[in-house]
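Asker: Questions regarding the structure given below will be posed in turn.
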Amino acid sequence: MSNDDFDGARDPARAGSGRSVPKGRLSRLGVFGRMAGGVAGGVVSEGARRLASGKRPRMADLLMTPANAVRVADQLAHLRGAAMKLGQMVSMDAGDMLPPELAAILARLRDNAHHMPPPQLDRVLAAEWGRDWRRRFAHFQAHPIAAASIGQVHRAKLPDGRVLAIKVQYPGVKESIDADVDNVATLLRVSGLLPKGLDISALLADAKRQLHDEADYEREGAMLERYRGLVGDDPTLIVPKLEPALSTSRVLAMDYIECVPIETLDSEPQDVRDRTVARLIALTLRELLDWRLMQTDPNFANYRWQPETGRIVLLDFGAARTVPAVVADGYRRLLAAGLAGDRDAVRDAAVAAGFLGENAVTAHRPAIDRMIDVILQEMNRTGAFDFGDRGFVYVLRDEGTTVARDRASWHIPSADMLLVQRKISGTALLAARLKARVDVRSMVSAYLP
């Protein structure tokens with residue numbers, strides 16, 4: 001392979017988003033400092049503007065402005081790693097609960113990040129494969145085909161003609177996880193977005209553990225093969241095959257599969273969209289209630305589609321984890337109560353599972369019951385559920401906002417439940433994006449006694 005193959009990303013037309021990853025603790029802390037300073041400046045200027053117009057601004061409104069969201073998204077994309085991953089989680093988990101303009105800005109974090117410049121990439125690969133690593137390939141495409149929070153992906157051809165996808169971890173990402181999580185938590189505390197009495201230490205510890213898991217490519221390779229075994233010969237799904245000889249703790253090699261982004265389905269006929277989303281929902285149910293092994297990152301980029309076969313390509317198993325029996329059973333009880341149309345049973349099951357806090361139910365039972373009634377009405381409609389009809393979501397948002405304003409009743413579910421709910425919510429968001437219609441009730445009923 002020639003040097004021209006590797007240096008192709010130096011073409012300005014192709015490498016506009018190349019940006020070195022800050023590696024050291026002080027350099028990353030400096031980015032956080034600039035981000036906090038920029039947000040603080042935005043709060044002051046926006047507050048002055050609103051006061052001048054005769055309005056009395058609330059701190060939460062000043063923090064969550066489009067200008068501040070742009071600042072945060074850009075700096076998190078620069079940091080990559082745990083900082084960007086946490087930003088992705090917020091943007092995905094909030095879903096329809098965020099104002100549209102803020103959701104659109106934070107959605108940047110679910111798209112491509114900046115990629116490593118070629119010299120930095122060369123150093124990383126030399127450290128993992130040796131200085132003569134280029135000899136292993138007939139061709140290595142230097143410009144990444146994808147760049148995300150923890151690593152970037154390159155296409156490469158082996159001498160025997162096989163084409164691989166090579167995921168390369170950003171330098172310093174693994175070492176910066178704990179500090180990045182602590183810095184994000186400090187920003188949340190200082191901003192006043194979190195109540196002073198809310199203990200998030202257990203959640204932070206699990207976030208660090210999960211992110212360390214995602215940064216361990218040897219673990220991800222094992223999860224990839226385990227998940228691939230569970231999928232087996234399912235004709236509707238494809239999981240790439242691991243290439244162990246080229247995989248390390250910071251480089252993951254697997255088959256390259258020709259496919260397109262799952263979002264391209266939005267231009268396909270209704271029946272194609274419905275069928276594909278039904279397969280994704282069926283997969284989520286199998287993960288939760290059958291396999292009890294779930295890929296918990298529902299980023300749209302982790303799903304791809306083959307137009308010629310109609311098969312769904314599944315990617316990125318760093319976030320795959322075992323679902324504890326207590327969590328699976330809690331969801332099973334919730335679903336059974338929901339399909340029975342029993343509001344009291346749904347409320348009790350939600351509290352027992354840790355999804356709802358008892359304080360919130362005591363203080364806001366009428367609002368919570370109204371939310372449950374809306375969900376029950378939607379769950380128990382006959383026929384296909386129309387994910388494109390989002391009217392009920394705005395009713396839930398209005399009721400939920402009222403409850404959320406009472407910080408004394410805030411409750412944090414277990415990390416395992418949060419991750420499962422993140423996958424469920426992300427699947428629903430994708431179904432809404434594709435405006436699919438699926439008979440979810442019948443699919444869920446098949447898993448209940």
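Identifiers in this document derive from the order of the structure tokens: chains are assigned A, B, ..., residues are numbered from 1 separately in each chain, and ligands are numbered from 1 in order of occurrence.
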Please give the complete set of residues from region 244-448 of chain A that DSSP, run on the backbone, assigns to helix (DSSP H, G or I), formatted as JSON, numbers by chain.
Answerer: {"A": [244, 245, 246, 262, 263, 264, 265, 266, 267, 270, 271, 272, 273, 274, 275, 276, 277, 278, 279, 280, 281, 282, 283, 284, 285, 286, 287, 288, 289, 290, 291, 300, 301, 302, 325, 326, 327, 328, 329, 330, 331, 332, 333, 334, 335, 336, 337, 338, 339, 343, 344, 345, 346, 347, 348, 349, 350, 351, 352, 358, 359, 360, 361, 362, 363, 364, 365, 366, 367, 368, 369, 370, 371, 372, 373, 374, 375, 376, 377, 378, 379, 391, 392, 393, 394, 395, 396, 397, 398, 399, 400, 401, 402, 403, 404, 407, 408, 409, 415, 416, 417, 418, 419, 420, 421, 422, 423, 424, 425, 426, 427, 428, 429, 430, 431, 432, 433, 440, 441, 442, 443, 444, 445]}
Asker: Extract, using only C-alpha atoms, all DNA, RNA and protein residues at most 9 Å from Lys157 (chain A), discarding same-chain residues fewer than 4 positions from it, and format them as a list in words.
Answerer: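 Surrounding residues, per the criterion: Phe137, Ala138, His139, Phe140, Gln141, Gly161, Arg162, Val163, Leu164 and Ala165 of chain A.
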Asker: Using only C-alpha atoms, which residues sit within 7 Å of Asp216 (chain A) once same-chain residues fewer than 4 positions away are excluded, as a list in words?
Answerer: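 Neighbouring residues, sequence-local ones excluded: His212, Glu220, Ser249 and Arg250 of chain A.
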Asker: Identify, on the basis of only C-alpha atoms, every residue whose closest approach to region 440-443 of chain A does not exceed 7 Å; exclude the query and any residue fewer than 4 positions from it along the same chain; express the result as number ranges by chain.
Answerer: A: 379, 384-385
Asker: Can you write out the residues you just picked, keeping N, CA and C atoms, as a PDB file, in the first residue's frame?
Answerer:
```pdb
ATOM      1  N   MET A 379     -51.961   2.320  24.092  1.00  0.00           N
ATOM      2  CA  MET A 379     -51.549   0.911  24.074  1.00  0.00           C
ATOM      3  C   MET A 379     -52.672  -0.011  23.627  1.00  0.00           C
ATOM      4  N   ALA A 384     -53.000  -1.522  14.095  1.00  0.00           N
ATOM      5  CA  ALA A 384     -51.638  -0.995  14.079  1.00  0.00           C
ATOM      6  C   ALA A 384     -51.539   0.328  14.832  1.00  0.00           C
ATOM      7  N   PHE A 385     -50.434   0.491  15.559  1.00  0.00           N
ATOM      8  CA  PHE A 385     -50.141   1.754  16.227  1.00  0.00           C
ATOM      9  C   PHE A 385     -49.411   2.659  15.247  1.00  0.00           C
TER      10      PHE A 385
END
```
Asker: Counting only C-alpha atoms, which residue out of A:Arg292, A:Arg155, A:Arg279, A:Arg390 sits closest to Leu237 (chain A)?
Answerer: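 Among A:Arg292, A:Arg155, A:Arg279, A:Arg390, it is A:Arg279 that comes nearest to Leu237 (chain A).
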Asker: For a quick check of understanding, using only C-alpha atoms, which of A:Ile368, A:Ala319, A:Leu125, A:Leu396 has the smallest distance to Arg343 (chain A)?
Answerer: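 Checking each of A:Ile368, A:Ala319, A:Leu125, A:Leu396 against Arg343 (chain A), counting only C-alpha atoms, the winner is A:Ile368.
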Asker: Leaving out Leu289 (chain A) and any residue of its chain fewer than 2 positions from it, which residues lie within 8 Å of it when counting only C-alpha atoms, given as a list of chain:residue names?
Answerer: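 Neighbouring residues, sequence-local ones excluded: A:Leu285, A:Arg286, A:Glu287, A:Trp291, A:Arg292, A:Ala328, A:Arg332, A:Tyr447.
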Asker: Let me see the file: selected residues, all heavy atoms, as an mmCIF file, in the first residue's frame.
Answerer:
```cif
data_model
loop_
_atom_site.group_PDB
_atom_site.id
_atom_site.type_symbol
_atom_site.label_atom_id
_atom_site.label_comp_id
_atom_site.auth_asym_id
_atom_site.auth_seq_id
_atom_site.Cartn_x
_atom_site.Cartn_y
_atom_site.Cartn_z
ATOM 1 N N LEU A 285 -37.855 -6.687 21.887
ATOM 2 C CA LEU A 285 -38.582 -7.590 22.791
ATOM 3 C C LEU A 285 -37.776 -8.862 23.062
ATOM 4 O O LEU A 285 -37.728 -9.355 24.195
ATOM 5 C CB LEU A 285 -39.945 -7.937 22.198
ATOM 6 C CG LEU A 285 -40.986 -6.816 22.203
ATOM 7 C CD1 LEU A 285 -42.202 -7.195 21.358
ATOM 8 C CD2 LEU A 285 -41.420 -6.490 23.632
ATOM 9 N N ARG A 286 -37.143 -9.401 22.028
ATOM 10 C CA ARG A 286 -36.306 -10.589 22.217
ATOM 11 C C ARG A 286 -35.136 -10.276 23.146
ATOM 12 O O ARG A 286 -34.801 -11.080 24.027
ATOM 13 C CB ARG A 286 -35.783 -11.091 20.870
ATOM 14 C CG ARG A 286 -36.840 -11.736 19.994
ATOM 15 C CD ARG A 286 -36.351 -11.873 18.548
ATOM 16 N NE ARG A 286 -35.359 -12.920 18.393
ATOM 17 C CZ ARG A 286 -34.683 -13.120 17.265
ATOM 18 N NH1 ARG A 286 -34.855 -12.318 16.215
ATOM 19 N NH2 ARG A 286 -33.810 -14.107 17.174
ATOM 20 N N GLU A 287 -34.501 -9.135 22.940
ATOM 21 C CA GLU A 287 -33.377 -8.745 23.784
ATOM 22 C C GLU A 287 -33.790 -8.674 25.256
ATOM 23 O O GLU A 287 -33.078 -9.154 26.147
ATOM 24 C CB GLU A 287 -32.842 -7.384 23.353
ATOM 25 C CG GLU A 287 -32.094 -7.372 22.032
ATOM 26 C CD GLU A 287 -31.636 -5.974 21.678
ATOM 27 O OE1 GLU A 287 -32.435 -5.016 21.820
ATOM 28 O OE2 GLU A 287 -30.479 -5.828 21.260
ATOM 29 N N TRP A 291 -33.653 -13.135 25.310
ATOM 30 C CA TRP A 291 -32.208 -13.276 25.458
ATOM 31 C C TRP A 291 -31.694 -12.704 26.761
ATOM 32 O O TRP A 291 -30.722 -13.179 27.318
ATOM 33 C CB TRP A 291 -31.477 -12.568 24.317
ATOM 34 C CG TRP A 291 -31.803 -13.057 22.959
ATOM 35 C CD1 TRP A 291 -32.405 -14.240 22.616
ATOM 36 C CD2 TRP A 291 -31.527 -12.366 21.724
ATOM 37 N NE1 TRP A 291 -32.531 -14.333 21.252
ATOM 38 C CE2 TRP A 291 -32.000 -13.194 20.674
ATOM 39 C CE3 TRP A 291 -30.936 -11.152 21.403
ATOM 40 C CZ2 TRP A 291 -31.889 -12.827 19.337
ATOM 41 C CZ3 TRP A 291 -30.824 -10.781 20.069
ATOM 42 C CH2 TRP A 291 -31.305 -11.612 19.048
ATOM 43 N N ARG A 292 -32.311 -11.617 27.228
ATOM 44 C CA ARG A 292 -31.818 -10.808 28.352
ATOM 45 C C ARG A 292 -30.376 -10.347 28.098
ATOM 46 O O ARG A 292 -29.545 -10.251 28.985
ATOM 47 C CB ARG A 292 -31.936 -11.558 29.678
ATOM 48 C CG ARG A 292 -33.383 -11.716 30.138
ATOM 49 C CD ARG A 292 -33.603 -11.931 31.600
ATOM 50 N NE ARG A 292 -32.472 -11.774 32.435
ATOM 51 C CZ ARG A 292 -31.953 -12.725 33.201
ATOM 52 N NH1 ARG A 292 -32.479 -13.935 33.203
ATOM 53 N NH2 ARG A 292 -30.916 -12.469 33.975
ATOM 54 N N ALA A 328 -36.059 -7.200 33.713
ATOM 55 C CA ALA A 328 -36.919 -7.837 32.708
ATOM 56 C C ALA A 328 -38.286 -8.162 33.290
ATOM 57 O O ALA A 328 -39.325 -7.916 32.650
ATOM 58 C CB ALA A 328 -36.249 -9.103 32.181
ATOM 59 N N ARG A 332 -42.012 -6.797 32.296
ATOM 60 C CA ARG A 332 -43.062 -7.745 31.956
ATOM 61 C C ARG A 332 -44.349 -7.414 32.729
ATOM 62 O O ARG A 332 -45.450 -7.427 32.176
ATOM 63 C CB ARG A 332 -42.607 -9.171 32.270
ATOM 64 C CG ARG A 332 -43.390 -10.252 31.526
ATOM 65 C CD ARG A 332 -42.934 -11.625 31.952
ATOM 66 N NE ARG A 332 -41.552 -11.893 31.612
ATOM 67 C CZ ARG A 332 -41.151 -12.385 30.443
ATOM 68 N NH1 ARG A 332 -42.035 -12.652 29.504
ATOM 69 N NH2 ARG A 332 -39.878 -12.603 30.211
ATOM 70 N N TYR A 447 -45.427 -12.239 24.356
ATOM 71 C CA TYR A 447 -44.408 -12.448 25.382
ATOM 72 C C TYR A 447 -44.979 -12.511 26.791
ATOM 73 O O TYR A 447 -44.226 -12.660 27.757
ATOM 74 C CB TYR A 447 -43.363 -11.338 25.314
ATOM 75 C CG TYR A 447 -42.341 -11.548 24.226
ATOM 76 C CD1 TYR A 447 -42.562 -11.069 22.939
ATOM 77 C CD2 TYR A 447 -41.162 -12.254 24.472
ATOM 78 C CE1 TYR A 447 -41.622 -11.266 21.929
ATOM 79 C CE2 TYR A 447 -40.232 -12.467 23.469
ATOM 80 C CZ TYR A 447 -40.464 -11.971 22.209
ATOM 81 O OH TYR A 447 -39.550 -12.183 21.207
#
```
Asker: Find the distance between CA of Ile372 (chain A) and CA of Gln270 (chain A) and write it in Å to one decimal.
Answerer: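 That distance, rounded to one decimal, is 29.6 Å.
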Asker: Point out the residue among A:Tyr394, A:Phe300, A:Phe355, A:Phe317 with the least atom-to-atom distance to Tyr217 (chain A), counting only C-alpha atoms.
Answerer: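 Of the candidates, the smallest distance to Tyr217 (chain A) is held by A:Phe317.
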Asker: Could you pull out the strand (DSSP E) residues of region 135-247 of chain A from DSSP and send them as a PyMOL selection string?
Answerer: chain A and resi 139-140+146-147+151-157+163-169+237-238
Asker: Give me, as number ranges by chain, all polymer residues having an atom no more than 10 Å from Ala352 (chain A), counting only C-alpha atoms and skipping those fewer than 4 positions away in the same chain.
Answerer: A: 330, 333-334, 346-348, 356-358
Asker: Which is closest to Val239 (chain A) among A:Ala126, A:Leu224, A:Val438, A:Ala367, if we use only C-alpha atoms?
Answerer: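 Checking each candidate against Val239 (chain A), we get A:Leu224 as the closest.
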Asker: Mind pulling up the distance from CA of Pro298 (chain A) to CA of Pro117 (chain A)?
Answerer: 28.0 Å
Asker: When you draw a straight line from CA of Met371 (chain A) to CA of Asp398 (chain A), how long is it in Å?
Answerer: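 Computing the Euclidean distance for CA of Met371 (chain A) and CA of Asp398 (chain A) yields 9.6 Å.
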